[in-house]
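Participant: Submitted below is the structure of interest, expressed as structure tokens.
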Amino acid sequence: MRIVRFSPAAADPSLELGKDPLFGVLQEETIAVLNGDPLYAGITPSGKLVPFSQVRLLAPVLPRSKVVCVGKNYADHAKEMGGVVPDEPVIFLKPNTSVIGPDDTIAWPAMSNRVDFEGELAIVISRICKDVPKERANDVIFGYTLGNDVTARDLQSKDGQWTRAKGFDTFCPLGPWIDTEFVPTGQRITSTLNGIIQQDAHLSDMIFDVPTIINFVSQVMTLLPGDVILTGTPAGIGPMPEKSVITIAIEGLGELTNKLSNHG
Ligand code: ZN
């Protein structure tokens with residue numbers, strides 16, 4: 001099942017959907033509108049249907065507390081960053097205020113002269129959990145979406161830690177939907193910048209797989225429903241010129257496209 005969050009502002013008024021964001025289940029060209037946030041209210045259809053073409057998609061989840069990221073989780077990327085392959089996951093946080101949705105614009109901050117894309121598989125957590133054993137990891141996953149761990153690369157080097165470089169507003173595009181049936185195996189992941197593929201790898205190239213990541217992160221911090229974990233980026237990162245169009249794609253999961261603004 002593919003769960004979307006959307007603005008019905010442009011929808012036919014006779015559908016009486018109001019103006020506030022809603023959740024729904026995507027059924028080809030139609031969205032079955034849900035009663036409330038499925039993370040808290042379950043999958044309860046309202047009976048209303050809206051054509052997909054009449055809505056604007058929003059980030060499919062609003063992380064209530066955090067976006068946890070894994071750094072250097074693909075050997076080739078660790079190498080291109082000049083580091084060695086870590087023996088345990090390297091984790092950091094992005095604030096939930098960095099989240100934007102599909103087709104939203106990434107704002108180039110005035111403080112930075114280099115803004116990079118990082119295409120990543122994103123895990124959406126379904127329930128409060130702590131110290132999750134690897135074999136129970138699937139019990140705490142609501143589904144998967146795509147993420148772009150946008151990074152001000154010059155500030156990442158300058159600061160020696162990553163809060164500023166990865167924490168700007170708009171630096172965490174998520175979407176286009178949460179797929180509750182997707183199972184990461186060896187699917188292809190690509191990032192395409194202005195029509196040219198820059199990152200091209202397979203999810204099986206990850207150093208730490210999804211159960212290992214959930215086990216590790218949940219030993220550090222309690223995970224809450226709606227928390228998101230970005231699982232790291234493959235080799236091929238690079239800067240985006242002004243007004244770039246960046247598309248992250250994962251085979252069988254979907255595509256997430258965003259634009260970059262002019263230099264701020
Ligand atoms: Zn990343």
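We name chains A, B, ... following the order of the structure tokens; residues begin at 1 in each chain, and ligands are numbered from 1 as shown.
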Need to verify the contact set: A:Asp104, 9 Å, only C-alpha atoms, exclusion of same-chain residues closer than 3 positions in sequence. Can you return it as a list in words?

Facilitator: Leu58, Ile100, Gly101, Thr170, Pro173, Thr257, Asn258, Lys259 and Leu260 of chain A

Participant: Sorted by chain and rising residue number, list the residues of chain A at most 8 Å from ligand 1 (counting only C-alpha atoms and all ligand atoms), each with its closest atom pair and distance in Å to one decimal, as a tab-separated table.

Facilitator:
residue	atom	partner	partner_atom_place_in_ligand_line	distance
A:Cys69	CA	ligand 1	1 (Zn)	6.3
A:Val70	CA	ligand 1	1 (Zn)	6.4
A:Gly71	CA	ligand 1	1 (Zn)	5.5
A:Lys72	CA	ligand 1	1 (Zn)	7.5
A:Glu118	CA	ligand 1	1 (Zn)	5.5
A:Gly119	CA	ligand 1	1 (Zn)	7.4
A:Glu120	CA	ligand 1	1 (Zn)	6.9
A:Asn148	CA	ligand 1	1 (Zn)	7.5
A:Asp149	CA	ligand 1	1 (Zn)	4.8
A:Val150	CA	ligand 1	1 (Zn)	7.5
A:Thr151	CA	ligand 1	1 (Zn)	7.9
A:Leu230	CA	ligand 1	1 (Zn)	6.9
A:Thr231	CA	ligand 1	1 (Zn)	7.3
A:Gly232	CA	ligand 1	1 (Zn)	4.6
A:Thr233	CA	ligand 1	1 (Zn)	5.1

Participant: Just the selected residues (all heavy atoms), exported as an mmCIF file, in the first residue's frame, please.

Facilitator:
data_model
loop_
_atom_site.group_PDB
_atom_site.id
_atom_site.type_symbol
_atom_site.label_atom_id
_atom_site.label_comp_id
_atom_site.auth_asym_id
_atom_site.auth_seq_id
_atom_site.Cartn_x
_atom_site.Cartn_y
_atom_site.Cartn_z
ATOM 1 N N CYS A 69 20.211 10.049 10.676
ATOM 2 C CA CYS A 69 20.901 9.732 9.428
ATOM 3 C C CYS A 69 22.112 8.851 9.713
ATOM 4 O O CYS A 69 22.746 8.971 10.758
ATOM 5 C CB CYS A 69 21.392 10.994 8.748
ATOM 6 S SG CYS A 69 20.095 12.193 8.444
ATOM 7 N N VAL A 70 22.386 7.973 8.752
ATOM 8 C CA VAL A 70 23.579 7.135 8.840
ATOM 9 C C VAL A 70 24.585 7.671 7.824
ATOM 10 O O VAL A 70 24.254 7.841 6.642
ATOM 11 C CB VAL A 70 23.239 5.665 8.527
ATOM 12 C CG1 VAL A 70 24.486 4.793 8.645
ATOM 13 C CG2 VAL A 70 22.149 5.160 9.462
ATOM 14 N N GLY A 71 25.787 7.968 8.277
ATOM 15 C CA GLY A 71 26.840 8.454 7.381
ATOM 16 C C GLY A 71 27.694 7.286 6.924
ATOM 17 O O GLY A 71 27.797 6.269 7.604
ATOM 18 N N LYS A 72 28.293 7.422 5.762
ATOM 19 C CA LYS A 72 29.268 6.440 5.272
ATOM 20 C C LYS A 72 28.770 5.005 5.353
ATOM 21 O O LYS A 72 29.435 4.127 5.911
ATOM 22 C CB LYS A 72 30.582 6.574 6.058
ATOM 23 C CG LYS A 72 31.202 7.957 5.903
ATOM 24 C CD LYS A 72 32.518 8.082 6.638
ATOM 25 C CE LYS A 72 33.109 9.479 6.450
ATOM 26 N NZ LYS A 72 34.253 9.723 7.323
ATOM 27 N N GLU A 118 22.288 13.996 -1.787
ATOM 28 C CA GLU A 118 22.648 12.643 -1.330
ATOM 29 C C GLU A 118 21.372 11.815 -1.373
ATOM 30 O O GLU A 118 20.519 11.926 -0.499
ATOM 31 C CB GLU A 118 23.197 12.648 0.106
ATOM 32 C CG GLU A 118 24.552 13.304 0.271
ATOM 33 C CD GLU A 118 25.182 13.070 1.654
ATOM 34 O OE1 GLU A 118 24.559 12.374 2.503
ATOM 35 O OE2 GLU A 118 26.282 13.588 1.883
ATOM 36 N N GLY A 119 21.226 10.959 -2.380
ATOM 37 C CA GLY A 119 20.043 10.118 -2.491
ATOM 38 C C GLY A 119 20.099 8.965 -1.493
ATOM 39 O O GLY A 119 21.132 8.313 -1.364
ATOM 40 N N GLU A 120 18.965 8.720 -0.799
ATOM 41 C CA GLU A 120 18.980 7.693 0.254
ATOM 42 C C GLU A 120 17.613 6.998 0.399
ATOM 43 O O GLU A 120 16.564 7.602 0.168
ATOM 44 C CB GLU A 120 19.351 8.343 1.606
ATOM 45 C CG GLU A 120 20.607 9.190 1.481
ATOM 46 C CD GLU A 120 21.310 9.520 2.783
ATOM 47 O OE1 GLU A 120 20.912 8.978 3.835
ATOM 48 O OE2 GLU A 120 22.271 10.306 2.736
ATOM 49 N N ASN A 148 16.451 12.806 0.459
ATOM 50 C CA ASN A 148 17.624 13.480 -0.085
ATOM 51 C C ASN A 148 18.290 14.206 1.086
ATOM 52 O O ASN A 148 17.722 15.160 1.627
ATOM 53 C CB ASN A 148 17.192 14.454 -1.193
ATOM 54 C CG ASN A 148 18.362 15.041 -1.956
ATOM 55 O OD1 ASN A 148 19.510 14.968 -1.522
ATOM 56 N ND2 ASN A 148 18.066 15.643 -3.086
ATOM 57 N N ASP A 149 19.447 13.713 1.500
ATOM 58 C CA ASP A 149 20.178 14.291 2.640
ATOM 59 C C ASP A 149 21.011 15.464 2.127
ATOM 60 O O ASP A 149 22.239 15.379 2.017
ATOM 61 C CB ASP A 149 21.040 13.189 3.280
ATOM 62 C CG ASP A 149 21.918 13.706 4.407
ATOM 63 O OD1 ASP A 149 21.624 14.795 4.934
ATOM 64 O OD2 ASP A 149 22.896 13.009 4.752
ATOM 65 N N VAL A 150 20.314 16.559 1.796
ATOM 66 C CA VAL A 150 20.984 17.729 1.197
ATOM 67 C C VAL A 150 22.014 18.272 2.193
ATOM 68 O O VAL A 150 21.752 18.352 3.402
ATOM 69 C CB VAL A 150 19.947 18.808 0.811
ATOM 70 C CG1 VAL A 150 20.639 20.024 0.203
ATOM 71 C CG2 VAL A 150 18.917 18.233 -0.157
ATOM 72 N N THR A 151 23.188 18.617 1.670
ATOM 73 C CA THR A 151 24.343 18.941 2.526
ATOM 74 C C THR A 151 25.092 20.153 1.980
ATOM 75 O O THR A 151 25.438 20.184 0.790
ATOM 76 C CB THR A 151 25.311 17.735 2.542
ATOM 77 O OG1 THR A 151 24.607 16.571 3.006
ATOM 78 C CG2 THR A 151 26.506 17.988 3.449
ATOM 79 N N LEU A 230 17.366 7.949 7.645
ATOM 80 C CA LEU A 230 17.998 7.931 6.319
ATOM 81 C C LEU A 230 19.203 6.996 6.387
ATOM 82 O O LEU A 230 20.016 7.103 7.307
ATOM 83 C CB LEU A 230 18.444 9.334 5.905
ATOM 84 C CG LEU A 230 17.360 10.400 5.742
ATOM 85 C CD1 LEU A 230 17.982 11.714 5.239
ATOM 86 C CD2 LEU A 230 16.293 9.958 4.770
ATOM 87 N N THR A 231 19.299 6.095 5.418
ATOM 88 C CA THR A 231 20.207 4.948 5.562
ATOM 89 C C THR A 231 21.567 5.127 4.898
ATOM 90 O O THR A 231 22.323 4.174 4.787
ATOM 91 C CB THR A 231 19.519 3.689 4.996
ATOM 92 O OG1 THR A 231 19.150 3.961 3.640
ATOM 93 C CG2 THR A 231 18.285 3.319 5.790
ATOM 94 N N GLY A 232 21.893 6.349 4.475
ATOM 95 C CA GLY A 232 23.210 6.602 3.891
ATOM 96 C C GLY A 232 23.150 6.690 2.376
ATOM 97 O O GLY A 232 22.184 6.258 1.750
ATOM 98 N N THR A 233 24.197 7.282 1.815
ATOM 99 C CA THR A 233 24.199 7.563 0.374
ATOM 100 C C THR A 233 25.352 6.839 -0.320
ATOM 101 O O THR A 233 26.418 6.665 0.269
ATOM 102 C CB THR A 233 24.269 9.096 0.130
ATOM 103 O OG1 THR A 233 23.795 9.386 -1.177
ATOM 104 C CG2 THR A 233 25.682 9.637 0.286
#

Participant: Which residue out of A:Ala249, A:Asp227, A:Met240, A:Gly195 has the minimum interatomic distance to A:Trp108 when only C-alpha atoms are used?

Facilitator: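 For A:Trp108, the nearest of the given residues is A:Met240.
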
Participant: Can you pull out the residues contacting A:Gly238? Cut-off 8 Å, using only C-alpha atoms, and skip same-chain residues under 6 positions away; I want them as a VMD selection string.

Facilitator: chain A and resid 116 to 117 198

Participant: Those same residues, written as an mmCIF file, in the first residue's frame with N, CA and C atoms?

Facilitator:
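Generated output (part34.cif):
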data_model
loop_
_atom_site.group_PDB
_atom_site.id
_atom_site.type_symbol
_atom_site.label_atom_id
_atom_site.label_comp_id
_atom_site.auth_asym_id
_atom_site.auth_seq_id
_atom_site.Cartn_x
_atom_site.Cartn_y
_atom_site.Cartn_z
ATOM 1 N N ASP A 116 25.133 20.025 -1.965
ATOM 2 C CA ASP A 116 25.170 18.697 -2.596
ATOM 3 C C ASP A 116 23.872 17.931 -2.380
ATOM 4 N N PHE A 117 23.593 17.015 -3.291
ATOM 5 C CA PHE A 117 22.513 16.031 -3.109
ATOM 6 C C PHE A 117 23.106 14.765 -2.491
ATOM 7 N N GLN A 198 24.161 10.517 -11.546
ATOM 8 C CA GLN A 198 25.389 10.790 -10.782
ATOM 9 C C GLN A 198 25.665 9.709 -9.745
#

Participant: Out of A:Leu49, A:Val25, A:Met81, A:Leu253, which residue has the shortest atom-to-atom distance to A:Pro234 when counting only C-alpha atoms?

Facilitator: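 Between A:Leu49, A:Val25, A:Met81, A:Leu253, the residue approaching A:Pro234 most closely is A:Met81.
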
Participant: Can you measure atom CA of A:Val132 to atom CA of A:Ile229 for me? One decimal in Å is fine.

Facilitator: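 About the pair atom CA of A:Val132 and atom CA of A:Ile229: they are 14.3 Å apart.
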
Participant: Give the helix (DSSP H, G or I) residues of stretch 80-144 of chain A, as DSSP finds them on the backbone, and put them as a ChimeraX atom specification.

Facilitator: /A:80,96-98,134-140

Participant: Restricted to C-alpha atoms, what would the selected residues look like written as an mmCIF file, in the first residue's frame?

Facilitator:
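That gives us selection-v4.cif:
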data_model
loop_
_atom_site.group_PDB
_atom_site.id
_atom_site.type_symbol
_atom_site.label_atom_id
_atom_site.label_comp_id
_atom_site.auth_asym_id
_atom_site.auth_seq_id
_atom_site.Cartn_x
_atom_site.Cartn_y
_atom_site.Cartn_z
ATOM 1 C CA GLU A 80 35.306 9.211 -1.855
ATOM 2 C CA ASN A 96 12.377 17.914 11.551
ATOM 3 C CA THR A 97 12.161 21.526 10.317
ATOM 4 C CA SER A 98 14.427 20.525 7.392
ATOM 5 C CA LYS A 134 17.576 -7.165 14.619
ATOM 6 C CA GLU A 135 15.035 -9.956 14.179
ATOM 7 C CA ARG A 136 12.240 -7.626 15.422
ATOM 8 C CA ALA A 137 13.219 -4.648 13.211
ATOM 9 C CA ASN A 138 10.367 -5.253 10.758
ATOM 10 C CA ASP A 139 7.873 -4.928 13.640
ATOM 11 C CA VAL A 140 8.759 -1.238 14.060
#

Participant: Could you please write out, as number ranges by chain, every residue of stretch 42-262 of chain A that DSSP assigns to strand (DSSP E or B)?

Facilitator: A: 45-51, 56-58, 67-71, 74, 90-94, 99-100, 105-106, 115-117, 119-125, 129, 141-148, 151-152, 172-179, 188-193, 196-202, 206, 223, 228-230, 238-239, 245-250, 254-260

Participant: Measuring atom to atom with only C-alpha atoms, identify which of A:Pro89, A:Ser191, A:Pro8, A:Leu22 is nearest to A:Pro51.

Facilitator: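 Using only C-alpha atoms, A:Pro51 sits closest to A:Pro8.
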
Participant: Restricting the calculation to only C-alpha atoms: of A:Gly82, A:Gly252, A:Pro133, A:Gly18, which residue gets closest to A:Gly186?

Facilitator: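 Using only C-alpha atoms, A:Gly186 sits closest to A:Gly252.
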
Participant: If you measure from atom CA of A:Ile197 to atom CA of A:Lys166, what distance in Å do you get, rounded to one decimal?

Facilitator: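 Atom-to-atom, atom CA of A:Ile197 to atom CA of A:Lys166, that is 22.6 Å.
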
Participant: If we count only C-alpha atoms and set the cut-off at 9 Å, which residues sit around A:Asp12, ignoring sequence neighbours fewer than 4 positions away in its own chain? Please answer as an mmCIF file with N, CA and C atoms, in the first residue's frame.

Facilitator:
data_model
loop_
_atom_site.group_PDB
_atom_site.id
_atom_site.type_symbol
_atom_site.label_atom_id
_atom_site.label_comp_id
_atom_site.auth_asym_id
_atom_site.auth_seq_id
_atom_site.Cartn_x
_atom_site.Cartn_y
_atom_site.Cartn_z
ATOM 1 N N PRO A 8 -5.420 19.246 -0.381
ATOM 2 C CA PRO A 8 -6.566 19.142 -1.295
ATOM 3 C C PRO A 8 -7.024 20.511 -1.796
ATOM 4 N N GLU A 16 -15.792 18.332 -0.799
ATOM 5 C CA GLU A 16 -15.812 18.761 0.614
ATOM 6 C C GLU A 16 -14.636 18.214 1.407
ATOM 7 N N LEU A 17 -13.458 18.453 0.859
ATOM 8 C CA LEU A 17 -12.250 17.962 1.531
ATOM 9 C C LEU A 17 -11.601 19.039 2.409
ATOM 10 N N VAL A 50 -10.513 11.126 -4.224
ATOM 11 C CA VAL A 50 -10.141 12.348 -4.927
ATOM 12 C C VAL A 50 -9.169 11.960 -6.051
ATOM 13 N N GLN A 54 -5.747 16.163 -8.867
ATOM 14 C CA GLN A 54 -6.292 17.379 -8.242
ATOM 15 C C GLN A 54 -5.584 17.759 -6.945
#

Participant: Skipping near chain neighbours, those fewer than 5 positions away, what residues fall within 10 Å of A:Asp205 using only C-alpha atoms, listed as a list in words?

Facilitator: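 Listed by chain and then number, they are Asn73, Tyr74, Ala75, Asp76, Thr185, Gly186, Gln187, Arg188 and Pro234 of chain A.
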
Participant: May I have the residues from that selection written out with N, CA and C atoms, as a JSON list (two decimals), in the first residue's frame?

Facilitator:
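See out_36.json below for the written result:
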[["chain", "number", "residue", "atom", "x", "y", "z"],
["A", 73, "ASN", "N", 27.59, 4.75, 4.77],
["A", 73, "ASN", "CA", 27.04, 3.40, 4.82],
["A", 73, "ASN", "C", 27.21, 2.65, 3.50],
["A", 74, "TYR", "N", 27.94, 3.24, 2.56],
["A", 74, "TYR", "CA", 28.31, 2.55, 1.31],
["A", 74, "TYR", "C", 29.83, 2.69, 1.20],
["A", 75, "ALA", "N", 30.51, 1.58, 0.98],
["A", 75, "ALA", "CA", 31.98, 1.59, 1.01],
["A", 75, "ALA", "C", 32.57, 2.58, 0.02],
["A", 76, "ASP", "N", 31.99, 2.65, -1.20],
["A", 76, "ASP", "CA", 32.55, 3.55, -2.22],
["A", 76, "ASP", "C", 32.39, 5.02, -1.81],
["A", 185, "THR", "N", 16.04, -5.12, -0.86],
["A", 185, "THR", "CA", 16.95, -6.24, -1.11],
["A", 185, "THR", "C", 18.09, -5.67, -1.94],
["A", 186, "GLY", "N", 18.07, -5.94, -3.24],
["A", 186, "GLY", "CA", 19.17, -5.41, -4.07],
["A", 186, "GLY", "C", 18.71, -4.36, -5.07],
["A", 187, "GLN", "N", 17.62, -3.64, -4.76],
["A", 187, "GLN", "CA", 17.08, -2.69, -5.73],
["A", 187, "GLN", "C", 18.10, -1.61, -6.09],
["A", 188, "ARG", "N", 17.99, -1.12, -7.34],
["A", 188, "ARG", "CA", 18.87, -0.06, -7.81],
["A", 188, "ARG", "C", 18.45, 1.28, -7.22],
["A", 234, "PRO", "N", 25.14, 6.40, -1.58],
["A", 234, "PRO", "CA", 26.22, 5.75, -2.32],
["A", 234, "PRO", "C", 27.25, 6.76, -2.84]]
